[in-house]
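Participant: Once you've had a glance at the structure underneath, I'll fire off some questions.
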Amino acid sequence: MGMIKLDDAQTVIRYLRERERRDADFFFRSFTDDQGHLLGLFWCDTQCLLDYAAFGDVVVFDSTYKTNRYNLPLVPFVGVNHHKRTVLFGCGIISHENKNSYEWLLRTFSDANIQKHPISVITDGDLAMQRAIRIVWPNSSHRLCGWHIEQNLVRNVHNDKLKEPFRVFMYDCCSIQEIDRKWLAFLAENEVPKDSWLYQMYEVRKIWCAAYHVGKCYLGLRSNQRSESMNARLQMQLDGKMTMLEMVEHYETCLSRVRRNEADDDIKALQSEPFTAPDASILEIDAKKRFTPNVFVLVQFSIKAVSKCHLIEILDGDDTEEYIIGRKDKGDIMTYVKCDCTVEGNLKGVSCSCRKLQSVGTPCSHIFFVLGHRGERKLPDCCVLERWTMGARNAFPPLRKSTMYEYSTTLLRYRDLRNINRAASFSASRSTKGYERLKGALLQEAGMILPNVGANEGKMYGPVLPQAPKADCEDIRDVLDPLHVPGRGAPKKKLKSTSSKSVTKCSLCKREGHNRRTCFMIAEVFLSSTI
C-alpha cells in the first residue's frame with residue numbers, strides 16, 4: 001500500500017518545503033497548470049550543488065524511467081566525479097515530455113546552480129529534450145547517447161550489411177569533410193530512402209557522429225550509461241503504485257548509497273597507491289601521485305602505448321617545438337604534439353592534435369612519448385585536470401551527507417529515555433522484585449502509548465520524514481495531484497474488504513487493537529539497550 005493516498009502533491013511539496021527550512025542551501029521548485037495540477041518538481045540538496053560546482057562539466061540525463069502511479073518521468077541529473085564514479089546533481093519530475101516541460105526543468109536546474117551551464121550534455125533521442133537544450137544551453141555541446149542509437153539501430157535496420165557501415169559513423173574520428181563524403185557515398189550506394197530511419201539519422205548526424213565531437217569535453221563518455229545505471233538502481237523495490245513522496249524517498253536512499261561509495265573511494269585513495277612496476281618511468285610515478293587511482297588506471301593505458309610511438313620529425317620555432325609522431329598500429333596517420341617553452345627552454349604547456357587531453361581530460365600516448373623524449377621529470381599542470389585529482393574538492397566545504405532522515409523531537413526523547421533505561425535495567429535485573437516492577441511499568445507505558453498515536457504528535461521514533469506543520473503554507477493548499485499520463489495504463493485499485501475483523505484484547509495489557517506479540521516487541525526495544 002502506498003505511503004500516502006490523498007493529497008500526494010501537497011504532501012511531497014510540504015516535505016520539500018520542510019527540507020528547505022532545515023537546509024539553507026536546499027533548492028526546490030514546482031509548477032502547476034491552470035487547474036492547479038502539479039506539472040513539475042525539481043530539488044537538490046547542498047551536496048548536489050557542491051558536486052555540480054566541482055564536476056558539472058558534463059551532464060548526463062534522460063527521462064526513460066516512469067515507474068510510479070502517474071506514469072511521470074523521473075529525470076536524475078547525473079555526472080562523473082574524480083574517481084570516474086556516478087555523482088548526482090539533482091532530480092526532477094515532469095508531467096509531459098514536451099519542450100515546455102524540459103525547458104522549465106533545465107532553466108530551474110540552471111537557477112539552482114547560479115546559471116552555470118555544463119560544457120557538454122549527453123541525452124537520449126527525445127526531440128523535445130533536444131529543442132529545450134538548444135534554447136536553454138545553446139553553448140553546451142550536445143551528444144546523443146550511443147547506447148540508445150545502438151538499440152534503435154537493431155530495432156529499425158534489419159539488413160545486417162548496413163549495420164556495420166553505420167557504426168563507422170558513430171565511432172570514426174576523421175574530419176567532418178571526410179565523414180560527410182562517406183555519408184553521401186553510403187546513402188547513394190545503398191539507395192537509402194528519405195523517409196527511413198537511416199536518413200533521419202543522417203539529417204541529425206551533427207549530434208551523434210564522433211567526427212563532429214572530436215576534441216569536445218565528454219570525459220570519455222559516449223552514452224548515458226550512468227543515467228541508465230542510476231535508473232536501474234531507482235527501479236529496485238518500486239512498482240506502479242508508488243506515490244511521489246515514495247519516489248523522492250527512494251531517490252534519496254540511492255543518493256546516500258552513491259555518496260557512501262564515493263567516501264569509500266576517497267578512503268582507499270588516501271590509504272593506498274596503485275601498483276606500478278619496479279622499472280616504471282619517472283612520469284608514471286608522478287602520474288600515480290597526482291591522479292586518483294581509478295583515473296590512473298586509464299592513464300596507464302596511454303603510458304603503455306608509448307612503446308608503439310616513434311618520432312618522425314621535430315619542427316623548431318621561436319618559443320615552440322612541434323613533434324610529428326607516428327604510431328606503429330595506426331599506419332600512416334601522423335599526430336602533432338606542440339610544446340610551448342620559456343626562453344630558457346623549459347616546458348610551459350603541451351597539446352596534441354589527437355585532442356584526447358581536451359575530450360577525456362588525460363594525456364595521450366603521444367604526449368607521454370614527447371615528455372619522455374624531452375627528459376621531463378613531471379607532468380605539466382595542463383596535463384593534470386584538477387577534477388581528476390584528490391584536490392577536486394579543495395575549493396569546497398568537506399560536506400557529504402543526505403538529509404533525507406532528520407532527528408525528530410520524538411527520537412530525541414527516545415534517546416534520553418533509552419539512556420535512563422540502561423541504568424534502570426541494570427539495577428532492576430539484580431533482583432526478581434526489581435525486574436518485575438520495571439517490566440510492569442514499561443509494559444503499562446507501552447500499552448498506553450501505542451493505541452493513542454495521535455497523542456504522540458502523529459510521529460514514530462527513529463528516522464522519520466520531516467513533514468512538520470510549519471511547512472503547511474497557504475500557497476500549496478490548492479495544488480492538485482498530477483494527472484495520470486497514458487501509456488502504461490492506470491494502476492489497478494485494490495478492492496476494499498467488506499469482511500469485518502473481530503477486535504481482540506492483548507493478554508498482557510488487556511488493551512484493544514494490538515496483541516501480546518506487539519507488547520513484547522515494544523518492551524524488547526527498551527530492554528535491548530542493556531545488551
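Here's how to read the names in the C-alpha cells: chain A, B, ... by the order shown, residue numbers from 1 in each chain, ligand numbers from 1 in the order shown.
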Do you have, as a tab-separated table, the list of residues of stretch 23-129 of chain A lying at most 12 Å from stretch 361-385 of chain A, each with its nearest atom pair and that distance in Å to one decimal, counting only C-alpha atoms and ordered by chain then number?
Facilitator:
residue	atom	partner	partner_atom	distance
A:Ala54	CA	A:Leu385	CA	11.5
A:Phe55	CA	A:Leu385	CA	11.2
A:Asp57	CA	A:Gly361	CA	11.1
A:Val58	CA	A:Gly361	CA	11.7
A:His82	CA	A:Leu385	CA	9.7
A:Lys84	CA	A:Gly361	CA	11.5
Participant: Write to file, as a PDB file, in the first residue's frame, the residues of the selection just made, with C-alpha atoms.
Facilitator:
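What landed in part04.pdb:
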ATOM      1  CA  ALA A  54      33.229  20.600  -8.861  1.00  0.00           C
ATOM      2  CA  PHE A  55      32.146  18.087 -11.534  1.00  0.00           C
ATOM      3  CA  ASP A  57      31.428  19.972 -16.831  1.00  0.00           C
ATOM      4  CA  VAL A  58      29.478  17.034 -18.312  1.00  0.00           C
ATOM      5  CA  HIS A  82      37.072  12.454  -9.629  1.00  0.00           C
ATOM      6  CA  LYS A  84      35.088   8.239 -12.530  1.00  0.00           C
TER       7      LYS A  84
END
Participant: Need the shell around A:Arg107: protein/DNA/RNA residues with any atom at most 12 Å away, counting only C-alpha atoms. Skip same-chain ones fewer than 6 positions apart. Format as number ranges by chain?
Facilitator: A: 29, 42, 92, 99-101, 113-117, 132-137
Participant: For a quick check of understanding, using only C-alpha atoms, which of A:Cys91, A:Leu438, A:Leu347, A:Leu443 has the smallest distance to A:Phe77?
Facilitator: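 With only C-alpha atoms as the atom set, the closest residue is A:Cys91.
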Participant: May I have all residues of stretch 114-310 of chain A that DSSP, computed from the backbone, assigns to helix (DSSP H, G or I), given as a PyMOL selection string?
Facilitator: chain A and resi 127-136+146-156+160-171+176-189+197-203+205-207+210-213+225-234+244-271+282-290+293-308
Participant: For A:Ile13, find every residue with an atom within 9 Å (counting only C-alpha atoms), except residues of its own chain fewer than 3 positions away, and show them as a PDB file with C-alpha atoms, in the first residue's frame.
Facilitator:
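Result written to out.pdb:
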ATOM      1  CA  ASP A   8       0.014  13.364  -2.752  1.00  0.00           C
ATOM      2  CA  ALA A   9       1.202  16.561  -4.448  1.00  0.00           C
ATOM      3  CA  GLN A  10       0.643  18.714  -1.363  1.00  0.00           C
ATOM      4  CA  LEU A  16      10.403  19.524   0.300  1.00  0.00           C
ATOM      5  CA  ARG A  17       9.469  22.878   1.863  1.00  0.00           C
ATOM      6  CA  GLU A  18      10.497  21.483   5.234  1.00  0.00           C
ATOM      7  CA  PHE A  28      13.267  23.233  -4.577  1.00  0.00           C
ATOM      8  CA  ARG A  29      10.767  24.453  -7.157  1.00  0.00           C
ATOM      9  CA  SER A  30       7.443  23.258  -8.553  1.00  0.00           C
ATOM     10  CA  LEU A  41       9.200  19.273  -9.448  1.00  0.00           C
ATOM     11  CA  LEU A 245       6.866  11.055  -1.918  1.00  0.00           C
ATOM     12  CA  ALA A 471       5.724  23.609   6.146  1.00  0.00           C
ATOM     13  CA  ILE A 476       0.108  24.854  -1.689  1.00  0.00           C
TER      14      ILE A 476
END
Participant: Excluding same-chain residues fewer than 5 positions from A:Ala210, what lies within 8 Å of it counting only C-alpha atoms, as a ChimeraX atom specification?
Facilitator: /A:169-173
Participant: Could the residues in this selection be written to a file with all heavy atoms, as a PDB file, in the first residue's frame?
Facilitator:
ATOM      1  N   PHE A 169      30.138   5.484 -38.648  1.00  0.00           N
ATOM      2  CA  PHE A 169      29.821   6.893 -38.456  1.00  0.00           C
ATOM      3  C   PHE A 169      29.762   7.259 -36.972  1.00  0.00           C
ATOM      4  O   PHE A 169      30.028   8.395 -36.599  1.00  0.00           O
ATOM      5  CB  PHE A 169      28.476   7.226 -39.118  1.00  0.00           C
ATOM      6  CG  PHE A 169      28.460   6.973 -40.599  1.00  0.00           C
ATOM      7  CD1 PHE A 169      27.505   6.148 -41.165  1.00  0.00           C
ATOM      8  CD2 PHE A 169      29.394   7.556 -41.418  1.00  0.00           C
ATOM      9  CE1 PHE A 169      27.486   5.916 -42.528  1.00  0.00           C
ATOM     10  CE2 PHE A 169      29.395   7.328 -42.789  1.00  0.00           C
ATOM     11  CZ  PHE A 169      28.432   6.505 -43.343  1.00  0.00           C
ATOM     12  N   MET A 170      29.429   6.288 -36.138  1.00  0.00           N
ATOM     13  CA  MET A 170      29.326   6.559 -34.716  1.00  0.00           C
ATOM     14  C   MET A 170      30.685   6.760 -34.066  1.00  0.00           C
ATOM     15  O   MET A 170      30.820   7.581 -33.145  1.00  0.00           O
ATOM     16  CB  MET A 170      28.595   5.407 -34.013  1.00  0.00           C
ATOM     17  CG  MET A 170      27.137   5.255 -34.378  1.00  0.00           C
ATOM     18  SD  MET A 170      26.341   3.918 -33.458  1.00  0.00           S
ATOM     19  CE  MET A 170      26.485   4.499 -31.772  1.00  0.00           C
ATOM     20  N   TYR A 171      31.697   6.029 -34.523  1.00  0.00           N
ATOM     21  CA  TYR A 171      32.969   5.985 -33.800  1.00  0.00           C
ATOM     22  C   TYR A 171      34.171   6.497 -34.600  1.00  0.00           C
ATOM     23  O   TYR A 171      35.249   6.663 -34.033  1.00  0.00           O
ATOM     24  CB  TYR A 171      33.245   4.555 -33.333  1.00  0.00           C
ATOM     25  CG  TYR A 171      32.110   3.975 -32.521  1.00  0.00           C
ATOM     26  CD1 TYR A 171      31.337   2.919 -33.003  1.00  0.00           C
ATOM     27  CD2 TYR A 171      31.786   4.501 -31.277  1.00  0.00           C
ATOM     28  CE1 TYR A 171      30.282   2.394 -32.255  1.00  0.00           C
ATOM     29  CE2 TYR A 171      30.734   3.989 -30.522  1.00  0.00           C
ATOM     30  CZ  TYR A 171      29.988   2.935 -31.013  1.00  0.00           C
ATOM     31  OH  TYR A 171      28.946   2.419 -30.283  1.00  0.00           O
ATOM     32  N   ASP A 172      34.015   6.743 -35.888  1.00  0.00           N
ATOM     33  CA  ASP A 172      35.135   7.205 -36.715  1.00  0.00           C
ATOM     34  C   ASP A 172      35.425   8.674 -36.420  1.00  0.00           C
ATOM     35  O   ASP A 172      34.566   9.542 -36.586  1.00  0.00           O
ATOM     36  CB  ASP A 172      34.798   7.023 -38.199  1.00  0.00           C
ATOM     37  CG  ASP A 172      36.005   7.230 -39.094  1.00  0.00           C
ATOM     38  OD1 ASP A 172      37.063   7.657 -38.574  1.00  0.00           O
ATOM     39  OD2 ASP A 172      35.914   6.963 -40.296  1.00  0.00           O
ATOM     40  N   CYS A 173      36.643   8.965 -35.972  1.00  0.00           N
ATOM     41  CA  CYS A 173      37.019  10.332 -35.591  1.00  0.00           C
ATOM     42  C   CYS A 173      37.784  11.044 -36.701  1.00  0.00           C
ATOM     43  O   CYS A 173      38.749  11.774 -36.445  1.00  0.00           O
ATOM     44  CB  CYS A 173      37.860  10.308 -34.313  1.00  0.00           C
ATOM     45  SG  CYS A 173      36.966   9.725 -32.866  1.00  0.00           S
TER      46      CYS A 173
END
Participant: Using atom CA of A:Leu72 and atom CA of A:Val248 as the two end points, give the distance in Å to one decimal.
Facilitator: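 Separating atom CA of A:Leu72 from atom CA of A:Val248 is a distance of 12.8 Å.
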Participant: Go through A:Val258, A:Gln300, A:Cys145, A:His158 one by one, measure the shortest atom-to-atom distance of each to A:Leu283 using only C-alpha atoms, and give the residue with the smallest value.
Facilitator: A:Gln300
Participant: Quick one: everything within 12 Å of A:Leu298, counting only C-alpha atoms, minus sequence neighbours fewer than 5 positions away in the same chain. Send it as number ranges by chain.
Facilitator: A: 83-84, 219-220, 274, 284, 287-288, 291-293, 303-305, 360-365, 388
Participant: Return the single residue from A:His310, A:Lys328, A:Arg437, A:Arg260 that is closest to A:Thr86, with distances computed using only C-alpha atoms.
Facilitator: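 Of A:His310, A:Lys328, A:Arg437, A:Arg260, the one nearest A:Thr86, counting only C-alpha atoms, is A:Arg260.
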Participant: Return as a PyMOL selection string the full set of residues in stretch 195-343 of chain A whose backbone-based DSSP assignment is strand (DSSP E or B).
Facilitator: chain A and resi 309-316+320-327+334-341
Participant: Between A:Asp126, A:Thr243, A:Asp111, A:Gln151, single out the one closest to A:Asn71, counting only C-alpha atoms.
Facilitator: A:Thr243
Participant: Taking into account only C-alpha atoms, which residue in the set A:Ile267, A:Phe31, A:His37, A:Leu88 is nearest to A:Trp104?
Facilitator: A:Phe31
Participant: Between atom CA of A:Arg181 and atom CA of A:Tyr218, what is the spacing in Å?
Facilitator: 25.4 Å
Participant: Here is a test: counting only C-alpha atoms, which residue of A:Val337, A:Cys44, A:Ile122, A:Cys352 is nearest to A:Leu315?
Facilitator: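 Selected residue with least distance to A:Leu315: A:Val337.
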